[in-house]
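Here is structure.csv, consisting of CSV, C-alpha atoms and all ligand atoms:
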```csv
chain,number,residue,atom,x,y,z
A,1064,MET,CA,0.0,0.0,0.0
A,1065,ASN,CA,1.3,3.5,-0.8
A,1066,ALA,CA,0.4,6.9,0.5
A,1067,GLU,CA,-1.5,7.4,-2.8
A,1068,SER,CA,-4.1,4.8,-1.9
A,1069,LEU,CA,-4.8,6.5,1.4
A,1070,HIS,CA,-5.5,9.9,-0.3
A,1071,GLY,CA,-8.9,11.2,0.4
A,1072,ARG,CA,-9.8,8.4,2.7
A,1073,LEU,CA,-11.0,8.9,6.3
A,1074,LEU,CA,-8.3,7.5,8.7
A,1075,PHE,CA,-9.8,5.6,11.7
A,1076,ALA,CA,-7.4,4.6,14.5
A,1077,ILE,CA,-8.1,1.4,16.5
A,1078,PRO,CA,-6.0,0.1,19.4
A,1079,LYS,CA,-3.7,-2.5,18.0
A,1080,LYS,CA,-3.6,-4.7,21.1
A,1081,GLY,CA,-4.5,-4.6,24.8
A,1082,ARG,CA,-7.8,-4.5,26.6
A,1083,LEU,CA,-9.7,-2.5,24.0
A,1084,HIS,CA,-8.6,-4.3,20.9
A,1085,ASP,CA,-11.1,-7.2,20.7
A,1086,THR,CA,-14.2,-5.2,21.5
A,1087,CYS,CA,-13.2,-2.6,18.9
A,1088,LEU,CA,-13.0,-5.3,16.2
A,1089,ALA,CA,-16.5,-6.5,17.3
A,1090,LEU,CA,-17.7,-2.9,17.0
A,1091,LEU,CA,-16.3,-2.6,13.4
A,1092,ALA,CA,-18.0,-5.8,12.4
A,1093,GLY,CA,-21.3,-4.6,13.9
A,1094,ALA,CA,-21.0,-1.3,12.0
A,1095,ASP,CA,-20.3,-3.3,8.8
A,1096,ILE,CA,-16.8,-1.7,8.3
A,1097,ARG,CA,-15.1,-4.4,6.3
A,1098,PHE,CA,-11.4,-4.8,5.9
A,1099,ARG,CA,-8.7,-7.5,5.6
A,1100,ARG,CA,-5.6,-7.1,7.7
A,1101,HIS,CA,-2.7,-8.6,5.8
A,1102,ASN,CA,0.3,-10.0,7.8
A,1103,ARG,CA,-0.5,-7.8,10.8
A,1104,LEU,CA,-0.1,-4.7,8.7
A,1105,ASP,CA,-1.0,-1.6,10.8
A,1106,VAL,CA,-2.8,0.3,8.0
A,1107,CYS,CA,-5.5,-1.4,5.9
A,1108,LEU,CA,-8.1,-0.2,3.5
A,1109,SER,CA,-11.8,-0.8,4.1
A,1110,SER,CA,-13.4,-2.7,1.2
A,1111,ASN,CA,-16.8,-1.1,1.6
A,1112,HIS,CA,-16.2,2.5,2.8
A,1113,ASN,CA,-13.9,5.3,1.8
A,1114,LEU,CA,-11.7,4.8,4.9
A,1115,ALA,CA,-8.6,3.1,6.1
A,1116,LEU,CA,-8.1,1.6,9.5
A,1117,VAL,CA,-4.8,2.4,11.4
A,1118,PHE,CA,-3.9,0.1,14.2
A,1119,LEU,CA,-1.9,2.0,16.9
A,1120,PRO,CA,-1.1,1.6,20.6
A,1121,ALA,CA,-4.1,3.0,22.5
A,1122,SER,CA,-1.9,5.5,24.2
A,1123,ASP,CA,-0.7,7.1,20.9
A,1124,ILE,CA,-4.2,7.5,19.5
A,1125,PRO,CA,-5.1,10.8,21.2
A,1126,SER,CA,-2.1,12.7,19.8
A,1127,PHE,CA,-2.6,11.2,16.3
A,1128,VAL,CA,-6.2,12.4,16.3
A,1129,GLY,CA,-5.5,15.7,18.2
A,1130,LYS,CA,-2.8,16.7,15.7
A,1131,GLY,CA,-5.1,15.7,12.8
A,1132,ASN,CA,-2.9,12.9,11.4
A,1133,VAL,CA,-5.9,10.6,11.7
A,1134,ASP,CA,-9.6,11.7,11.6
A,1135,LEU,CA,-11.3,9.4,14.0
A,1136,GLY,CA,-10.1,7.0,16.8
A,1137,ILE,CA,-11.2,4.8,19.7
A,1138,THR,CA,-9.2,4.9,22.9
A,1139,GLY,CA,-9.7,5.3,26.7
A,1140,HIS,CA,-10.9,8.6,28.2
A,1141,ASP,CA,-8.0,8.1,30.7
A,1142,VAL,CA,-5.5,8.0,27.9
A,1143,ILE,CA,-6.7,11.3,26.4
A,1144,LEU,CA,-6.2,13.1,29.7
A,1145,GLU,CA,-2.8,11.4,30.2
A,1146,ALA,CA,-1.7,12.6,26.8
A,1147,GLU,CA,-3.1,16.1,27.7
A,1148,MET,CA,-5.1,16.1,24.4
A,1149,GLN,CA,-8.5,16.9,25.9
A,1150,ASN,CA,-8.5,20.3,24.1
A,1151,LEU,CA,-7.5,19.0,20.8
A,1152,VAL,CA,-9.9,16.0,20.5
A,1153,GLU,CA,-13.6,15.9,20.8
A,1154,GLU,CA,-15.2,12.9,22.5
A,1155,VAL,CA,-18.0,12.1,20.1
A,1156,LEU,CA,-19.4,9.0,21.8
A,1157,ARG,CA,-19.0,7.0,25.0
A,1158,LEU,CA,-18.7,3.4,24.0
A,1159,GLY,CA,-19.7,1.6,27.3
A,1160,PHE,CA,-16.7,-0.8,27.4
A,1161,GLY,CA,-13.2,-0.5,28.8
A,1162,LYS,CA,-14.8,0.8,32.0
A,1163,CYS,CA,-12.4,1.0,34.9
A,1164,THR,CA,-11.2,3.3,37.6
A,1165,LEU,CA,-7.8,4.9,38.1
A,1166,GLN,CA,-7.1,4.5,41.8
A,1167,VAL,CA,-4.5,5.3,44.4
A,1168,GLN,CA,-3.5,2.0,46.0
A,1169,VAL,CA,-1.3,1.1,49.0
A,1170,PRO,CA,-0.4,-2.3,50.6
A,1171,GLU,CA,-3.1,-3.7,52.9
A,1172,SER,CA,-0.6,-3.6,55.7
A,1173,SER,CA,0.4,0.0,55.0
A,1174,PRO,CA,-0.2,2.7,57.7
A,1175,TYR,CA,-1.3,5.1,54.8
A,1176,LYS,CA,-5.0,5.5,54.7
A,1177,SER,CA,-5.4,8.3,52.1
A,1178,ALA,CA,-3.6,9.9,49.2
A,1179,ALA,CA,-2.7,12.8,51.5
A,1180,ASP,CA,-0.9,10.3,53.8
A,1181,LEU,CA,1.3,9.4,50.8
A,1182,ALA,CA,2.3,13.1,50.1
A,1183,GLY,CA,6.1,13.4,49.9
A,1184,LYS,CA,6.5,9.6,49.5
A,1185,ARG,CA,7.2,7.5,46.4
A,1186,VAL,CA,4.4,6.7,44.0
A,1187,VAL,CA,4.8,4.5,41.0
A,1188,THR,CA,2.5,4.6,38.0
A,1189,SER,CA,2.0,4.4,34.2
A,1190,PHE,CA,-0.1,7.6,34.4
A,1191,GLU,CA,2.6,10.0,35.5
A,1192,VAL,CA,0.7,13.1,34.2
A,1193,LEU,CA,-2.6,12.3,36.0
A,1194,ALA,CA,-0.8,11.1,39.1
A,1195,GLY,CA,1.5,14.1,39.0
A,1196,GLN,CA,-1.5,16.5,38.8
A,1197,TYR,CA,-3.4,14.6,41.6
A,1198,PHE,CA,-0.5,14.6,44.0
A,1199,GLY,CA,0.6,18.1,42.9
A,1200,LYS,CA,-2.6,19.5,44.2
A,1201,ILE,CA,-2.2,17.6,47.5
A,1202,ASP,CA,1.4,18.8,47.8
A,1203,ASP,CA,0.3,22.4,47.2
A,1204,GLN,CA,-2.4,22.1,49.9
A,1205,LEU,CA,0.2,20.8,52.3
A,1206,ASN,CA,2.8,23.5,51.2
A,1207,LEU,CA,5.3,20.8,50.3
A,1208,VAL,CA,8.2,22.1,48.2
A,1209,GLY,CA,11.4,20.7,46.6
A,1210,GLU,CA,12.5,17.4,47.9
A,1211,ASP,CA,9.5,17.2,50.2
A,1212,ARG,CA,7.1,16.9,47.3
A,1213,THR,CA,5.7,13.5,46.2
A,1214,LYS,CA,8.0,11.5,44.0
A,1215,ILE,CA,6.1,10.2,40.9
A,1216,GLU,CA,7.9,7.5,39.0
A,1217,TYR,CA,6.9,6.0,35.7
A,1218,VAL,CA,6.8,2.3,34.8
A,1219,GLY,CA,5.4,0.9,31.6
A,1220,GLY,CA,3.5,-2.0,33.1
A,1221,SER,CA,3.1,-4.4,36.1
A,1222,VAL,CA,2.7,-1.3,38.3
A,1223,GLU,CA,1.1,-3.5,41.0
A,1224,ALA,CA,4.5,-5.1,41.7
A,1225,ALA,CA,6.1,-1.8,42.7
A,1226,CYS,CA,5.3,-1.8,46.4
A,1227,SER,CA,6.3,-5.4,47.1
A,1228,LEU,CA,9.6,-4.8,45.2
A,1229,GLY,CA,10.3,-1.9,47.5
A,1230,LEU,CA,10.1,0.7,44.7
A,1231,ALA,CA,7.1,2.5,46.0
A,1232,ASP,CA,5.0,3.4,49.0
A,1233,GLY,CA,1.8,3.5,46.9
A,1234,ILE,CA,0.8,3.2,43.2
A,1235,VAL,CA,-1.7,4.8,40.9
A,1236,ASP,CA,-3.2,2.1,38.6
A,1237,LEU,CA,-6.3,1.0,36.8
A,1238,VAL,CA,-8.8,-1.2,38.5
A,1239,GLU,CA,-11.7,-3.1,36.9
A,1240,SER,CA,-12.5,-6.3,38.8
A,1241,GLY,CA,-9.9,-5.5,41.5
A,1242,GLU,CA,-8.3,-9.0,41.0
A,1243,THR,CA,-4.9,-7.6,40.1
A,1244,MET,CA,-4.9,-5.2,43.1
A,1245,ARG,CA,-6.0,-7.9,45.6
A,1246,ALA,CA,-3.5,-10.5,44.2
A,1247,ALA,CA,-0.7,-8.0,44.8
A,1248,GLY,CA,-1.9,-7.4,48.4
A,1249,LEU,CA,-3.0,-3.8,47.7
A,1250,HIS,CA,-6.2,-1.9,48.4
A,1251,ALA,CA,-7.5,1.4,47.0
A,1252,VAL,CA,-7.6,4.5,49.2
A,1253,GLU,CA,-8.8,7.1,46.6
A,1254,THR,CA,-10.2,7.4,43.1
A,1255,VAL,CA,-8.4,9.7,40.6
A,1256,LEU,CA,-10.9,9.2,37.8
A,1257,GLN,CA,-13.4,6.9,36.1
A,1258,THR,CA,-12.8,5.9,32.5
A,1259,GLU,CA,-14.3,4.1,29.5
A,1260,ALA,CA,-13.6,3.7,25.8
A,1261,VAL,CA,-14.6,6.7,23.7
A,1262,LEU,CA,-14.9,7.5,20.0
A,1263,ILE,CA,-12.9,10.7,19.3
A,1264,LYS,CA,-12.4,13.1,16.4
A,1265,SER,CA,-10.1,16.0,15.9
A,1266,SER,CA,-11.4,19.3,17.3
A,1267,ALA,CA,-9.9,21.1,14.3
A,1268,GLN,CA,-11.3,19.0,11.5
A,1269,LYS,CA,-8.7,19.0,8.7
A,1270,HIS,CA,-11.0,17.3,6.1
A,1271,PRO,CA,-14.5,18.8,6.4
A,1272,ASP,CA,-15.5,16.9,3.3
A,1273,LEU,CA,-15.2,13.7,5.3
A,1274,GLN,CA,-17.8,14.9,7.9
A,1275,PRO,CA,-20.7,13.0,6.3
A,1276,LEU,CA,-18.7,9.7,6.5
A,1277,ILE,CA,-17.8,10.5,10.2
A,1278,ASN,CA,-21.5,11.0,10.9
A,1279,LEU,CA,-22.4,7.7,9.2
A,1280,ILE,CA,-19.7,5.8,11.1
A,1281,THR,CA,-20.7,7.5,14.4
A,1282,GLY,CA,-24.4,6.6,13.9
A,1283,ARG,CA,-23.6,3.0,13.1
A,1284,ILE,CA,-21.3,2.6,16.1
A,1285,ALA,CA,-23.9,4.3,18.3
A,1286,GLY,CA,-26.4,1.7,17.1
A,1287,VAL,CA,-24.1,-1.2,18.0
A,1288,VAL,CA,-23.4,0.3,21.4
A,1289,ALA,CA,-27.1,0.9,22.1
A,1290,ALA,CA,-27.9,-2.7,21.0
A,1291,SER,CA,-25.5,-4.1,23.6
A,1292,LYS,CA,-27.0,-1.9,26.3
A,1293,TYR,CA,-30.7,-2.7,25.7
A,1294,VAL,CA,-32.9,-5.8,25.4
A,1295,VAL,CA,-36.5,-6.1,24.3
A,1296,CYS,CA,-38.8,-7.4,27.0
A,1297,GLN,CA,-42.2,-8.8,25.9
A,1298,TYR,CA,-45.0,-10.1,28.1
A,1299,ASN,CA,-48.7,-10.6,28.4
A,1300,ILE,CA,-50.7,-8.8,31.1
A,1301,LEU,CA,-54.3,-8.2,32.1
A,1302,ARG,CA,-55.6,-4.9,30.7
A,1303,SER,CA,-56.6,-3.9,34.2
A,1304,LYS,CA,-52.9,-4.2,35.4
A,1305,LEU,CA,-51.4,-2.5,32.3
A,1306,SER,CA,-50.8,0.9,33.9
A,1307,SER,CA,-48.8,-0.7,36.8
A,1308,ALA,CA,-46.8,-2.8,34.4
A,1309,THR,CA,-45.9,0.1,32.1
A,1310,VAL,CA,-44.5,2.0,35.0
A,1311,VAL,CA,-41.9,-0.8,35.2
A,1312,THR,CA,-41.3,-1.0,31.5
A,1313,PRO,CA,-42.0,2.6,30.2
A,1314,GLY,CA,-39.8,2.0,27.1
A,1315,ARG,CA,-37.5,4.6,25.6
A,1316,ARG,CA,-40.4,6.6,24.0
A,1317,ALA,CA,-43.4,4.4,25.0
A,1318,PRO,CA,-44.1,0.7,25.2
A,1319,THR,CA,-45.8,-1.0,22.2
A,1320,ILE,CA,-49.1,-2.4,23.4
A,1321,SER,CA,-50.9,-5.0,21.2
A,1322,PRO,CA,-54.4,-6.5,21.7
A,1323,LEU,CA,-54.7,-10.3,22.2
A,1324,GLU,CA,-57.6,-12.5,21.1
A,1325,ASP,CA,-58.7,-12.6,24.7
A,1326,GLU,CA,-59.8,-9.0,25.1
A,1327,SER,CA,-59.1,-8.8,28.8
A,1328,TRP,CA,-55.3,-9.3,28.0
A,1329,VAL,CA,-52.7,-7.3,26.1
A,1330,ALA,CA,-49.1,-8.0,24.9
A,1331,VAL,CA,-46.5,-5.4,25.9
A,1332,SER,CA,-43.1,-4.9,24.2
A,1333,SER,CA,-40.6,-2.5,25.5
A,1334,MET,CA,-36.8,-1.7,25.4
A,1335,VAL,CA,-35.2,-2.0,28.8
A,1336,GLU,CA,-31.6,-1.6,30.0
A,1337,LYS,CA,-29.9,-5.0,30.0
A,1338,LYS,CA,-28.4,-4.4,33.4
A,1339,ASN,CA,-31.8,-4.0,35.0
A,1340,ILE,CA,-33.6,-6.9,33.3
A,1341,ALA,CA,-33.6,-9.4,36.3
A,1342,SER,CA,-35.2,-7.0,38.7
A,1343,ILE,CA,-37.7,-5.8,36.0
A,1344,MET,CA,-38.8,-9.4,35.4
A,1345,ASP,CA,-39.2,-9.8,39.2
A,1346,GLU,CA,-41.4,-6.7,39.3
A,1347,LEU,CA,-43.5,-7.8,36.3
A,1348,MET,CA,-44.1,-11.2,37.9
A,1349,LYS,CA,-45.3,-9.6,41.1
A,1350,ILE,CA,-47.7,-7.4,39.1
A,1351,GLY,CA,-49.1,-10.5,37.3
A,1352,ALA,CA,-47.3,-10.5,33.9
A,1353,GLU,CA,-47.2,-13.8,32.2
A,1354,ASP,CA,-45.1,-15.3,29.3
A,1355,ILE,CA,-42.3,-12.8,29.9
A,1356,LEU,CA,-39.7,-13.1,27.1
A,1357,VAL,CA,-36.4,-11.2,26.7
A,1358,PHE,CA,-34.7,-10.7,23.4
A,1359,ASN,CA,-31.1,-9.5,22.7
A,1360,LEU,CA,-30.7,-6.9,20.0
A,1361,ASP,CA,-28.2,-7.5,17.2
A,1362,ASN,CA,-28.2,-3.9,16.1
A,1363,CYS,CA,-30.5,-0.8,16.4
A,1364,ARG,CA,-30.8,2.9,15.7
A,1365,VAL,CA,-32.5,4.6,18.6
A,1401,LIG,N1,-8.7,-4.0,33.4
A,1401,LIG,C1,-9.2,-3.1,32.5
A,1401,LIG,N2,-10.5,-3.1,32.3
A,1401,LIG,C2,-11.1,-2.3,31.5
A,1401,LIG,N3,-10.4,-1.4,30.7
A,1401,LIG,C3,-9.1,-1.4,30.9
A,1401,LIG,C4,-8.4,-2.2,31.8
A,1401,LIG,N4,-7.1,-2.0,31.7
A,1401,LIG,C5,-7.0,-1.0,30.8
A,1401,LIG,N5,-8.2,-0.6,30.3
A,1401,LIG,C6,-8.4,0.4,29.3
A,1401,LIG,O1,-7.7,0.1,28.1
A,1401,LIG,C7,-6.7,1.1,27.9
A,1401,LIG,C8,-5.5,0.5,27.4
A,1401,LIG,O2,-4.9,-0.4,28.4
A,1401,LIG,P1,-4.0,-1.6,28.1
A,1401,LIG,O3,-3.5,-2.1,29.4
A,1401,LIG,O4,-4.7,-2.5,27.2
A,1401,LIG,O5,-2.9,-0.8,27.3
A,1401,LIG,P2,-1.8,-1.2,26.3
A,1401,LIG,O6,-0.6,-0.7,26.9
A,1401,LIG,O7,-2.2,-0.7,24.9
A,1401,LIG,O8,-1.8,-2.8,26.3
A,1401,LIG,P3,-0.8,-3.8,27.0
A,1401,LIG,O9,-1.1,-3.7,28.4
A,1401,LIG,O10,-1.2,-5.1,26.3
A,1401,LIG,O11,0.6,-3.3,26.6
A,1401,LIG,C9,-6.5,1.8,29.2
A,1401,LIG,O12,-6.0,3.1,29.1
A,1401,LIG,C10,-7.9,1.8,29.8
A,1401,LIG,O13,-8.7,2.8,29.2
A,1402,LIG,O1,-8.9,-4.9,38.2
A,1402,LIG,P1,-8.5,-5.9,37.2
A,1402,LIG,O2,-9.7,-6.5,36.5
A,1402,LIG,O3,-7.6,-6.9,37.7
A,1402,LIG,O4,-7.8,-5.1,36.0
A,1402,LIG,C1,-6.7,-4.2,36.3
A,1402,LIG,C2,-5.5,-4.5,35.5
A,1402,LIG,O5,-5.7,-4.4,34.1
A,1402,LIG,C3,-4.7,-3.6,33.5
A,1402,LIG,O6,-3.6,-4.3,33.2
A,1402,LIG,P2,-3.4,-5.3,32.1
A,1402,LIG,O7,-3.9,-6.7,32.6
A,1402,LIG,O8,-4.1,-4.8,30.8
A,1402,LIG,O9,-1.8,-5.4,31.9
A,1402,LIG,P3,-0.7,-4.3,32.0
A,1402,LIG,O10,-0.2,-4.3,33.5
A,1402,LIG,O11,0.4,-4.9,31.1
A,1402,LIG,O12,-1.2,-3.0,31.6
A,1402,LIG,C4,-4.4,-2.6,34.7
A,1402,LIG,O13,-3.2,-1.9,34.5
A,1402,LIG,C5,-4.5,-3.4,35.9
A,1402,LIG,O14,-3.2,-4.0,36.2
```
For this file, produce the structure as structure tokens.
Amino acid sequence: MNAESLHGRLLFAIPKKGRLHDTCLALLAGADIRFRRHNRLDVCLSSNHNLALVFLPASDIPSFVGKGNVDLGITGHDVILEAEMQNLVEEVLRLGFGKCTLQVQVPESSPYKSAADLAGKRVVTSFEVLAGQYFGKIDDQLNLVGEDRTKIEYVGGSVEAACSLGLADGIVDLVESGETMRAAGLHAVETVLQTEAVLIKSSAQKHPDLQPLINLITGRIAGVVAASKYVVCQYNILRSKLSSATVVTPGRRAPTISPLEDESWVAVSSMVEKKNIASIMDELMKIGAEDILVFNLDNCRV
């Protein structure tokens, strides 16, 4: 592939490995963005859209998008702040995956109970900008200067090992399930920020002619994200109990209500958030709903 073949195409950056990679590939498939990646090549042309995918480390994507080298990208909100690119990129869409929390952690046995207790000590992290800003504020509040300020040290990975290796008094690292933290004998004392994967575009759009394609891709990805968030819940209920049931399943706009052959009953169909479905079914059962069915969505536009 040469530079010529990229000319005029929208460039879309995708994390080439790591925690976000697989879900990004599933999103591309759901949005029907087709491509073939030859021999792990990092740039490949889409066969059905005027775009090329660029596979990059998640941490490099904010600056590529912010500087306008690529037009669209998917990365973590945390990574954008760490790259200090929040003014140069626009977060177009939250994607609902890659959710985790950046936390200040100390050994379980440590006497330190808060981030302020760690002020002036050694903190190891892969997020030196965010950790630096967080502890910088604490140091300022405590009027710590020079050598007395918190020492932030960067490591590229396995941050959780730093305390047991004697490199750090505390760390700042991402937590999702908490398994890594617990396995390393650590616990969280404070949260620096919450993050999830986001679709981003450059704030200073270099190629305004590509905006219609950006809108199309954004709409399709939003549809796939919504489809993963919602299910359709369908049930039968006595007409006399309909008003109580539709309080439980109000739908996004309104529930669909269809008559049944038996005129005292109706069928209700409604979109509900997947995370709430178990308790919604419990409520519906209590009200007297019968034949409750739940359907996953493959895709949608809502
Ligand atoms: N445990 C996790 N759960 C959910 N999202 C995560 C988790 N760890 C990281 N992320 C998200 O994914 C982004 C990339 O993290 P990841 O550790 O995959 O980085 P990487 O350096 O590209 O990959 P690798 O660790 O394989 O070198 C993070 O900045 C964060 O937004
Ligand atoms: O709370 P948990 O579910 O255990 O997830 C948190 C871990 O996931 C990430 O690391 P990853 O496994 O991606 O490896 P890394 O240390 O190489 O970044 C993060 O840096 C934590 O170490």
* Tell me, as a PyMOL selection string, which residues lie within 8 Å of region 1274-1286 of chain A, counting all atoms listed in the file; anything in the same chain fewer than 5 positions away does not count. => chain A and resi 1073+1090-1091+1093-1094+1135+1155-1156+1158+1362-1365
Per-residue nearest contacts of chain A to ligand LIG 1401 (chain A) (8 Å; all atoms listed in the file) as a Markdown table:
```
| residue | atom | partner | partner_atom | distance |
| --- | --- | --- | --- | --- |
| A:Pro1078 | CA | A:LIG1401 | O7 | 6.7 |
| A:Lys1079 | CA | A:LIG1401 | O7 | 7.3 |
| A:Lys1080 | CA | A:LIG1401 | O7 | 5.7 |
| A:Gly1081 | CA | A:LIG1401 | O4 | 3.2 |
| A:Arg1082 | CA | A:LIG1401 | O4 | 3.7 |
| A:Leu1083 | CA | A:LIG1401 | O1 | 5.3 |
| A:His1084 | CA | A:LIG1401 | O4 | 7.6 |
| A:Pro1120 | CA | A:LIG1401 | O7 | 5.0 |
| A:Ala1121 | CA | A:LIG1401 | O7 | 4.8 |
| A:Ser1122 | CA | A:LIG1401 | O7 | 6.2 |
| A:Thr1138 | CA | A:LIG1401 | O13 | 6.7 |
| A:Gly1139 | CA | A:LIG1401 | O13 | 3.7 |
| A:His1140 | CA | A:LIG1401 | O13 | 6.3 |
| A:Asp1141 | CA | A:LIG1401 | O13 | 5.6 |
| A:Val1142 | CA | A:LIG1401 | O12 | 5.1 |
| A:Phe1160 | CA | A:LIG1401 | C2 | 7.1 |
| A:Gly1161 | CA | A:LIG1401 | N3 | 3.5 |
| A:Lys1162 | CA | A:LIG1401 | C2 | 4.9 |
| A:Cys1163 | CA | A:LIG1401 | C2 | 4.9 |
| A:Gly1219 | CA | A:LIG1401 | O6 | 7.8 |
| A:Gly1220 | CA | A:LIG1401 | O9 | 6.8 |
| A:Leu1237 | CA | A:LIG1401 | N4 | 6.0 |
| A:Val1238 | CA | A:LIG1401 | N1 | 5.8 |
| A:Glu1239 | CA | A:LIG1401 | N1 | 4.7 |
| A:Ser1240 | CA | A:LIG1401 | N1 | 7.0 |
| A:Thr1258 | CA | A:LIG1401 | O13 | 6.1 |
| A:Glu1259 | CA | A:LIG1401 | O13 | 5.8 |
| A:Ala1260 | CA | A:LIG1401 | O13 | 6.0 |
```
* Structure fact -> The distance between CA of Val1287 (chain A) and CA of Val1335 (chain A) is 15.5 Å
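Taking atom O4 of ligand LIG 1402 (chain A) and CA of Ala1182 (chain A) as the two end points, the separation is 25.1 Å.
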* Around (-53.2, -15.6, 31.1) in the file's frame, which residues reach within 12 Å when counting only C-alpha atoms? Return as an NGL selection string? -> :A and (1298-1302 or 1323-1330 or 1351-1355)
Using C-alpha atoms, can you write the selected residues to a file as a PDB file, in the frame of the given file?
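Saved result, part12.pdb, follows:
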```pdb
ATOM      1  CA  TYR A1298     -45.000 -10.100  28.100  1.00  0.00           C
ATOM      2  CA  ASN A1299     -48.700 -10.600  28.400  1.00  0.00           C
ATOM      3  CA  ILE A1300     -50.700  -8.800  31.100  1.00  0.00           C
ATOM      4  CA  LEU A1301     -54.300  -8.200  32.100  1.00  0.00           C
ATOM      5  CA  ARG A1302     -55.600  -4.900  30.700  1.00  0.00           C
ATOM      6  CA  LEU A1323     -54.700 -10.300  22.200  1.00  0.00           C
ATOM      7  CA  GLU A1324     -57.600 -12.500  21.100  1.00  0.00           C
ATOM      8  CA  ASP A1325     -58.700 -12.600  24.700  1.00  0.00           C
ATOM      9  CA  GLU A1326     -59.800  -9.000  25.100  1.00  0.00           C
ATOM     10  CA  SER A1327     -59.100  -8.800  28.800  1.00  0.00           C
ATOM     11  CA  TRP A1328     -55.300  -9.300  28.000  1.00  0.00           C
ATOM     12  CA  VAL A1329     -52.700  -7.300  26.100  1.00  0.00           C
ATOM     13  CA  ALA A1330     -49.100  -8.000  24.900  1.00  0.00           C
ATOM     14  CA  GLY A1351     -49.100 -10.500  37.300  1.00  0.00           C
ATOM     15  CA  ALA A1352     -47.300 -10.500  33.900  1.00  0.00           C
ATOM     16  CA  GLU A1353     -47.200 -13.800  32.200  1.00  0.00           C
ATOM     17  CA  ASP A1354     -45.100 -15.300  29.300  1.00  0.00           C
ATOM     18  CA  ILE A1355     -42.300 -12.800  29.900  1.00  0.00           C
TER      19      ILE A1355
END
```
* Could you give me, as a list in words, the residues that have an atom at most 10 Å away from the point (-8.7, 15.1, 25.5) in the coordinates of the file, using only C-alpha atoms? => Pro1125, Ser1126, Val1128, Gly1129, Gly1139, His1140, Asp1141, Val1142, Ile1143, Leu1144, Glu1145, Ala1146, Glu1147, Met1148, Gln1149, Asn1150, Leu1151, Val1152, Glu1153, Glu1154, Ile1263, Ser1265 and Ser1266 of chain A
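Coordinates place CA of Asn1132 (chain A) at a distance of 12.5 Å from CA of Ala1115 (chain A).
Proximity to Phe1190 (chain A) was assessed for A:Ala1224, A:Val1357, A:Val1235, A:Val1288 counting only C-alpha atoms; the smallest distance is recorded for A:Val1235.
Distance check against ligand LIG 1402 (chain A) using only C-alpha atoms and all ligand atoms: of A:Gly1229, A:Pro1170, A:Gly1209, A:Gly1241, the minimum falls on A:Gly1241.
Of the residues under consideration (A:Glu1346, A:Asp1272, A:Asp1236, A:Asp1361), A:Asp1236 shows the shortest atom-to-atom contact distance to ligand LIG 1402 (chain A) when counting only C-alpha atoms and all ligand atoms.
Comparing the minimum interatomic distances between ligand LIG 1402 (chain A) and each of A:Ile1234, A:Ala1092, A:Leu1256, A:Ile1343, counting all atoms listed in the file, we find that A:Ile1234 sits nearest.
When only C-alpha atoms and all ligand atoms are used to measure the gap to ligand LIG 1402 (chain A), the shortest distance among A:Met1334, A:Val1252, A:Val1311, A:Val1222 belongs to A:Val1222.
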* Structure fact -> Using only C-alpha atoms, the best pick from A:Ala1247, A:Ala1341, A:Val1261, A:Cys1226 as closest to Ala1076 (chain A) would be A:Val1261
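Excluding Glu1253 (chain A) itself and same-chain residues fewer than 5 positions from it, the residues having an atom within 12 Å of it are Thr1164, Leu1165, Gln1166, Val1167, Gln1168, Val1169, Tyr1175, Lys1176, Ser1177, Ala1178, Ala1179, Asp1180, Leu1181, Ala1194, Tyr1197, Phe1198, Gly1233, Ile1234, Val1235, Asp1236, Leu1237 and Val1238 of chain A, counting only C-alpha atoms.
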